[in-house]
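Q: Shown below is the structure under consideration.
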Amino acid sequence: MKKFKILLLFLLLLGIGTRAFAQGEMVKDQADLLTEEQEQRLRVQFREIRQKYGCDIGVVTVNSCQGKSIQDFTDDYYYQNGYGVGEERSGILLMVSMGERKWHISTRGEGIEIFTDYGLGILEEEIVPYLSEGEYEKAFETFGKLSGDFMKEAGEGQPYDTNHTYKRPMPLWLRVVICLASGLVVGGIVLAVLIGQLKSVGYAKRAHQYIREGSFQVTGARDLFLYRTVTSRRIERESSRGGGSSTHTTSDGGRAGGRGGSF
């Protein structure tokens, strides 16, 4: 009986170890686009996101899609390499293929609801320019930051979508311009007040003081109706429902969302 318990414990530990080993690598740079230091920084960033929000995140770079479409290649890689958290294997994976100069994002499980079509469009707008310029670490770092923001918002009950849009942070240069402009406006107001205090003679808005009392009399008065103007305005009502997520069936029979293109 004792030997049986030991064997059972060994098999249990082996199973846990196998699942841990099967977990998809958060950063797999097969195309050698990153240095070791860059990979390590990204792993730390992605690991914190996975642990905080319970949703997997990964980036993979390859030299080719091996004859498959970038969508099928990404979906298959996600499934075959152990990505995803929980029974639904929730997560998001960014694939970059240098041979075809293509990218694709695959989502599964809760990741489909977190990253709507609208949200994936935001990711594309923010990431692809960096890929095109060869700034790969910046592209992947931005992917991680935005993914964390999207997971946080979805966790609070309202994922980013057409009815709840993402507000981009204000650029530093614009904040500086606004601060300078505000300072100029305030300074101008103070200066105008000081200049106004230097005037000893002012002007009167009305001429009552120049009219001799009792010299003006109204002998007759009447109201004339000339015309009427009616203005109408259509009130737009925003739909409470967002655009949602488009999905497709993968080769393993699962359901995935995603978006991709060239860079």
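Please note that chains go A, B, ... in the order of the structure tokens, that every chain numbers its residues from 1, and that ligands are numbered from 1 in the order shown.
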I'd like the neighbourhood of segment 25-38 of chain A as a PyMOL selection string, where a residue qualifies if any of its atoms comes within 10 Å (using only C-alpha atoms), though same-chain residues fewer than 4 positions away should be ignored.
A: chain A and resi 21+42-47+50+56-64+81-83+93-99+134-138+140-141
Q: From the set A:Tyr79, A:Phe150, A:Tyr130, A:Trp103, which residue has the shortest atom-to-atom contact distance to Cys55 of chain A, counting only C-alpha atoms?
A: A:Phe150
Q: Please identify all polymer residues within 8 Å of Gly257 of chain A, counting only C-alpha atoms, omitting same-chain residues fewer than 2 positions from it, and present them as a list of chain:residue names.
A: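 Using only C-alpha atoms, the neighbours found are A:Ser106, A:Thr107, A:Arg108, A:Ile112, A:Ser245, A:Ser246, A:Thr247, A:His248, A:Arg255, A:Arg259.
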Q: Now that the selection is made, can you save its residues with all heavy atoms as a PDB file, in the first residue's frame?
A:
ATOM      1  N   SER A 106      -3.679  35.713 -32.568  1.00  0.00           N
ATOM      2  CA  SER A 106      -4.693  34.680 -32.351  1.00  0.00           C
ATOM      3  C   SER A 106      -5.184  34.762 -30.911  1.00  0.00           C
ATOM      4  O   SER A 106      -4.381  34.882 -29.978  1.00  0.00           O
ATOM      5  CB  SER A 106      -4.112  33.287 -32.627  1.00  0.00           C
ATOM      6  OG  SER A 106      -5.106  32.281 -32.445  1.00  0.00           O
ATOM      7  N   THR A 107      -6.495  34.712 -30.716  1.00  0.00           N
ATOM      8  CA  THR A 107      -7.078  34.736 -29.373  1.00  0.00           C
ATOM      9  C   THR A 107      -7.962  33.513 -29.181  1.00  0.00           C
ATOM     10  O   THR A 107      -8.591  33.034 -30.129  1.00  0.00           O
ATOM     11  CB  THR A 107      -7.929  36.001 -29.155  1.00  0.00           C
ATOM     12  OG1 THR A 107      -8.984  36.050 -30.138  1.00  0.00           O
ATOM     13  CG2 THR A 107      -7.082  37.254 -29.291  1.00  0.00           C
ATOM     14  N   ARG A 108      -8.006  33.032 -27.920  1.00  0.00           N
ATOM     15  CA  ARG A 108      -8.848  31.878 -27.609  1.00  0.00           C
ATOM     16  C   ARG A 108      -9.476  32.059 -26.231  1.00  0.00           C
ATOM     17  O   ARG A 108      -8.996  32.838 -25.414  1.00  0.00           O
ATOM     18  CB  ARG A 108      -8.041  30.578 -27.639  1.00  0.00           C
ATOM     19  CG  ARG A 108      -7.556  30.179 -29.018  1.00  0.00           C
ATOM     20  CD  ARG A 108      -7.473  28.678 -29.158  1.00  0.00           C
ATOM     21  NE  ARG A 108      -6.955  28.275 -30.458  1.00  0.00           N
ATOM     22  CZ  ARG A 108      -7.023  27.043 -30.928  1.00  0.00           C
ATOM     23  NH1 ARG A 108      -7.567  26.079 -30.216  1.00  0.00           N
ATOM     24  NH2 ARG A 108      -6.541  26.749 -32.130  1.00  0.00           N
ATOM     25  N   ILE A 112     -11.002  35.917 -26.548  1.00  0.00           N
ATOM     26  CA  ILE A 112     -11.871  36.347 -27.647  1.00  0.00           C
ATOM     27  C   ILE A 112     -12.752  37.506 -27.198  1.00  0.00           C
ATOM     28  O   ILE A 112     -12.968  38.456 -27.950  1.00  0.00           O
ATOM     29  CB  ILE A 112     -12.729  35.169 -28.145  1.00  0.00           C
ATOM     30  CG1 ILE A 112     -11.834  34.072 -28.733  1.00  0.00           C
ATOM     31  CG2 ILE A 112     -13.754  35.640 -29.165  1.00  0.00           C
ATOM     32  CD1 ILE A 112     -12.581  32.818 -29.128  1.00  0.00           C
ATOM     33  N   SER A 245     -16.656  40.261 -31.308  1.00  0.00           N
ATOM     34  CA  SER A 245     -15.479  39.604 -31.881  1.00  0.00           C
ATOM     35  C   SER A 245     -15.874  38.621 -32.973  1.00  0.00           C
ATOM     36  O   SER A 245     -16.787  37.813 -32.795  1.00  0.00           O
ATOM     37  CB  SER A 245     -14.705  38.849 -30.797  1.00  0.00           C
ATOM     38  OG  SER A 245     -14.301  39.711 -29.753  1.00  0.00           O
ATOM     39  N   SER A 246     -15.185  38.685 -34.097  1.00  0.00           N
ATOM     40  CA  SER A 246     -15.367  37.692 -35.154  1.00  0.00           C
ATOM     41  C   SER A 246     -14.510  36.472 -34.835  1.00  0.00           C
ATOM     42  O   SER A 246     -13.392  36.606 -34.340  1.00  0.00           O
ATOM     43  CB  SER A 246     -14.951  38.273 -36.506  1.00  0.00           C
ATOM     44  OG  SER A 246     -15.703  39.431 -36.810  1.00  0.00           O
ATOM     45  N   THR A 247     -15.023  35.286 -35.113  1.00  0.00           N
ATOM     46  CA  THR A 247     -14.273  34.070 -34.829  1.00  0.00           C
ATOM     47  C   THR A 247     -14.290  33.135 -36.035  1.00  0.00           C
ATOM     48  O   THR A 247     -15.066  33.311 -36.970  1.00  0.00           O
ATOM     49  CB  THR A 247     -14.860  33.318 -33.613  1.00  0.00           C
ATOM     50  OG1 THR A 247     -16.224  32.943 -33.897  1.00  0.00           O
ATOM     51  CG2 THR A 247     -14.824  34.193 -32.363  1.00  0.00           C
ATOM     52  N   HIS A 248     -13.428  32.131 -35.978  1.00  0.00           N
ATOM     53  CA  HIS A 248     -13.374  31.118 -37.021  1.00  0.00           C
ATOM     54  C   HIS A 248     -13.019  29.784 -36.374  1.00  0.00           C
ATOM     55  O   HIS A 248     -12.508  29.738 -35.245  1.00  0.00           O
ATOM     56  CB  HIS A 248     -12.324  31.478 -38.089  1.00  0.00           C
ATOM     57  CG  HIS A 248     -10.957  31.690 -37.526  1.00  0.00           C
ATOM     58  ND1 HIS A 248     -10.524  32.924 -37.051  1.00  0.00           N
ATOM     59  CD2 HIS A 248      -9.918  30.833 -37.332  1.00  0.00           C
ATOM     60  CE1 HIS A 248      -9.286  32.816 -36.608  1.00  0.00           C
ATOM     61  NE2 HIS A 248      -8.896  31.558 -36.760  1.00  0.00           N
ATOM     62  N   ARG A 255     -12.316  27.223 -31.454  1.00  0.00           N
ATOM     63  CA  ARG A 255     -12.784  28.523 -31.927  1.00  0.00           C
ATOM     64  C   ARG A 255     -11.758  29.574 -31.565  1.00  0.00           C
ATOM     65  O   ARG A 255     -11.284  29.620 -30.430  1.00  0.00           O
ATOM     66  CB  ARG A 255     -14.138  28.852 -31.290  1.00  0.00           C
ATOM     67  CG  ARG A 255     -14.798  30.110 -31.843  1.00  0.00           C
ATOM     68  CD  ARG A 255     -16.228  30.215 -31.320  1.00  0.00           C
ATOM     69  NE  ARG A 255     -16.237  30.496 -29.886  1.00  0.00           N
ATOM     70  CZ  ARG A 255     -16.405  31.722 -29.361  1.00  0.00           C
ATOM     71  NH1 ARG A 255     -16.563  32.762 -30.171  1.00  0.00           N
ATOM     72  NH2 ARG A 255     -16.430  31.877 -28.062  1.00  0.00           N
ATOM     73  N   ARG A 259      -6.608  38.647 -35.887  1.00  0.00           N
ATOM     74  CA  ARG A 259      -6.430  39.702 -36.891  1.00  0.00           C
ATOM     75  C   ARG A 259      -4.984  39.640 -37.349  1.00  0.00           C
ATOM     76  O   ARG A 259      -4.087  39.313 -36.586  1.00  0.00           O
ATOM     77  CB  ARG A 259      -6.735  41.069 -36.277  1.00  0.00           C
ATOM     78  CG  ARG A 259      -6.791  42.226 -37.281  1.00  0.00           C
ATOM     79  CD  ARG A 259      -6.998  43.530 -36.541  1.00  0.00           C
ATOM     80  NE  ARG A 259      -7.208  44.649 -37.428  1.00  0.00           N
ATOM     81  CZ  ARG A 259      -8.395  45.129 -37.781  1.00  0.00           C
ATOM     82  NH1 ARG A 259      -9.494  44.557 -37.304  1.00  0.00           N
ATOM     83  NH2 ARG A 259      -8.513  46.161 -38.583  1.00  0.00           N
TER      84      ARG A 259
END
Q: Tell me which of A:Glu153, A:Asp161, A:Glu48, A:Glu124 sits closest to Ala139 of chain A, counting only C-alpha atoms.
A: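 The shortest atom-to-atom distance to Ala139 of chain A comes from A:Glu124.
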Q: Could you pull out the alpha helix (DSSP H) residues of segment 88-143 of chain A, going by DSSP on the backbone, and write them as a VMD selection string?
A: chain A and resid 110 to 114 117 to 132 136 to 143
Q: Could you pull out the strand (DSSP E or B) residues of segment 4-163 of chain A from DSSP and send them as a ChimeraX atom specification?
A: /A:27-29,56-62,85,90-97,102-108,161
Q: Could the residues in this selection be saved with N, CA, C and O atoms as a CSV table (one decimal), in the first residue's frame?
A:
chain,number,residue,atom,x,y,z
A,27,VAL,N,8.0,34.2,-24.8
A,27,VAL,CA,8.7,34.8,-25.9
A,27,VAL,C,9.6,33.8,-26.5
A,27,VAL,O,10.5,33.2,-25.9
A,28,LYS,N,9.3,33.5,-27.8
A,28,LYS,CA,10.0,32.5,-28.6
A,28,LYS,C,10.5,33.2,-29.9
A,28,LYS,O,9.8,33.3,-30.8
A,29,ASP,N,11.8,33.6,-29.8
A,29,ASP,CA,12.4,34.4,-30.9
A,29,ASP,C,13.2,33.5,-31.8
A,29,ASP,O,14.4,33.5,-31.8
A,56,ASP,N,-3.3,34.0,-20.7
A,56,ASP,CA,-2.0,33.8,-21.3
A,56,ASP,C,-1.6,34.9,-22.3
A,56,ASP,O,-2.5,35.5,-23.0
A,57,ILE,N,-0.3,35.1,-22.5
A,57,ILE,CA,0.1,36.1,-23.5
A,57,ILE,C,1.5,35.6,-24.0
A,57,ILE,O,2.3,35.2,-23.2
A,58,GLY,N,1.7,35.7,-25.3
A,58,GLY,CA,3.0,35.3,-25.9
A,58,GLY,C,3.3,36.0,-27.2
A,58,GLY,O,2.4,36.5,-27.9
A,59,VAL,N,4.6,36.0,-27.5
A,59,VAL,CA,5.1,36.5,-28.8
A,59,VAL,C,6.0,35.4,-29.4
A,59,VAL,O,6.9,34.9,-28.7
A,60,VAL,N,5.8,35.1,-30.7
A,60,VAL,CA,6.6,34.1,-31.4
A,60,VAL,C,7.1,34.8,-32.7
A,60,VAL,O,6.3,35.4,-33.4
A,61,THR,N,8.4,34.6,-33.0
A,61,THR,CA,8.9,35.1,-34.3
A,61,THR,C,9.4,33.8,-35.0
A,61,THR,O,10.1,33.0,-34.4
A,62,VAL,N,9.2,33.7,-36.3
A,62,VAL,CA,9.6,32.6,-37.1
A,62,VAL,C,10.2,33.1,-38.4
A,62,VAL,O,9.9,34.3,-38.8
A,85,VAL,N,-4.7,29.5,-20.8
A,85,VAL,CA,-4.9,29.3,-19.3
A,85,VAL,C,-6.3,28.7,-19.1
A,85,VAL,O,-7.3,29.2,-19.7
A,90,SER,N,-7.5,30.2,-22.4
A,90,SER,CA,-7.7,31.6,-22.7
A,90,SER,C,-6.3,32.3,-22.9
A,90,SER,O,-5.4,32.0,-22.1
A,91,GLY,N,-6.2,33.1,-23.9
A,91,GLY,CA,-5.0,33.8,-24.1
A,91,GLY,C,-4.9,34.6,-25.4
A,91,GLY,O,-5.9,34.6,-26.2
A,92,ILE,N,-3.8,35.2,-25.7
A,92,ILE,CA,-3.5,35.9,-26.9
A,92,ILE,C,-2.1,35.7,-27.3
A,92,ILE,O,-1.2,35.6,-26.5
A,93,LEU,N,-1.9,35.4,-28.6
A,93,LEU,CA,-0.5,35.1,-29.2
A,93,LEU,C,-0.3,36.0,-30.4
A,93,LEU,O,-1.1,36.0,-31.3
A,94,LEU,N,0.9,36.7,-30.4
A,94,LEU,CA,1.3,37.5,-31.6
A,94,LEU,C,2.4,36.7,-32.3
A,94,LEU,O,3.4,36.3,-31.7
A,95,MET,N,2.1,36.4,-33.6
A,95,MET,CA,3.1,35.7,-34.4
A,95,MET,C,3.6,36.7,-35.5
A,95,MET,O,2.9,37.4,-36.1
A,96,VAL,N,5.0,36.6,-35.6
A,96,VAL,CA,5.6,37.5,-36.7
A,96,VAL,C,6.5,36.5,-37.5
A,96,VAL,O,7.3,35.8,-37.1
A,97,SER,N,6.1,36.5,-38.8
A,97,SER,CA,6.9,35.7,-39.8
A,97,SER,C,7.7,36.6,-40.7
A,97,SER,O,7.2,37.4,-41.5
A,102,LYS,N,4.8,39.0,-42.5
A,102,LYS,CA,3.4,39.1,-42.1
A,102,LYS,C,3.3,38.9,-40.6
A,102,LYS,O,4.2,38.3,-39.9
A,103,TRP,N,2.2,39.3,-40.0
A,103,TRP,CA,2.0,39.2,-38.6
A,103,TRP,C,0.5,38.7,-38.4
A,103,TRP,O,-0.4,38.9,-39.2
A,104,HIS,N,0.3,38.1,-37.2
A,104,HIS,CA,-1.1,37.6,-36.9
A,104,HIS,C,-1.2,37.5,-35.4
A,104,HIS,O,-0.3,37.1,-34.7
A,105,ILE,N,-2.4,37.9,-34.9
A,105,ILE,CA,-2.8,37.7,-33.5
A,105,ILE,C,-3.9,36.7,-33.4
A,105,ILE,O,-4.9,36.8,-34.1
A,106,SER,N,-3.7,35.7,-32.6
A,106,SER,CA,-4.7,34.7,-32.4
A,106,SER,C,-5.2,34.8,-30.9
A,106,SER,O,-4.4,34.9,-30.0
A,107,THR,N,-6.5,34.7,-30.7
A,107,THR,CA,-7.1,34.7,-29.4
A,107,THR,C,-8.0,33.5,-29.2
A,107,THR,O,-8.6,33.0,-30.1
A,108,ARG,N,-8.0,33.0,-27.9
A,108,ARG,CA,-8.8,31.9,-27.6
A,108,ARG,C,-9.5,32.1,-26.2
A,108,ARG,O,-9.0,32.8,-25.4
A,161,ASP,N,-14.4,48.3,-26.8
A,161,ASP,CA,-15.2,48.0,-28.0
A,161,ASP,C,-15.7,49.3,-28.6
A,161,ASP,O,-15.4,50.4,-28.2
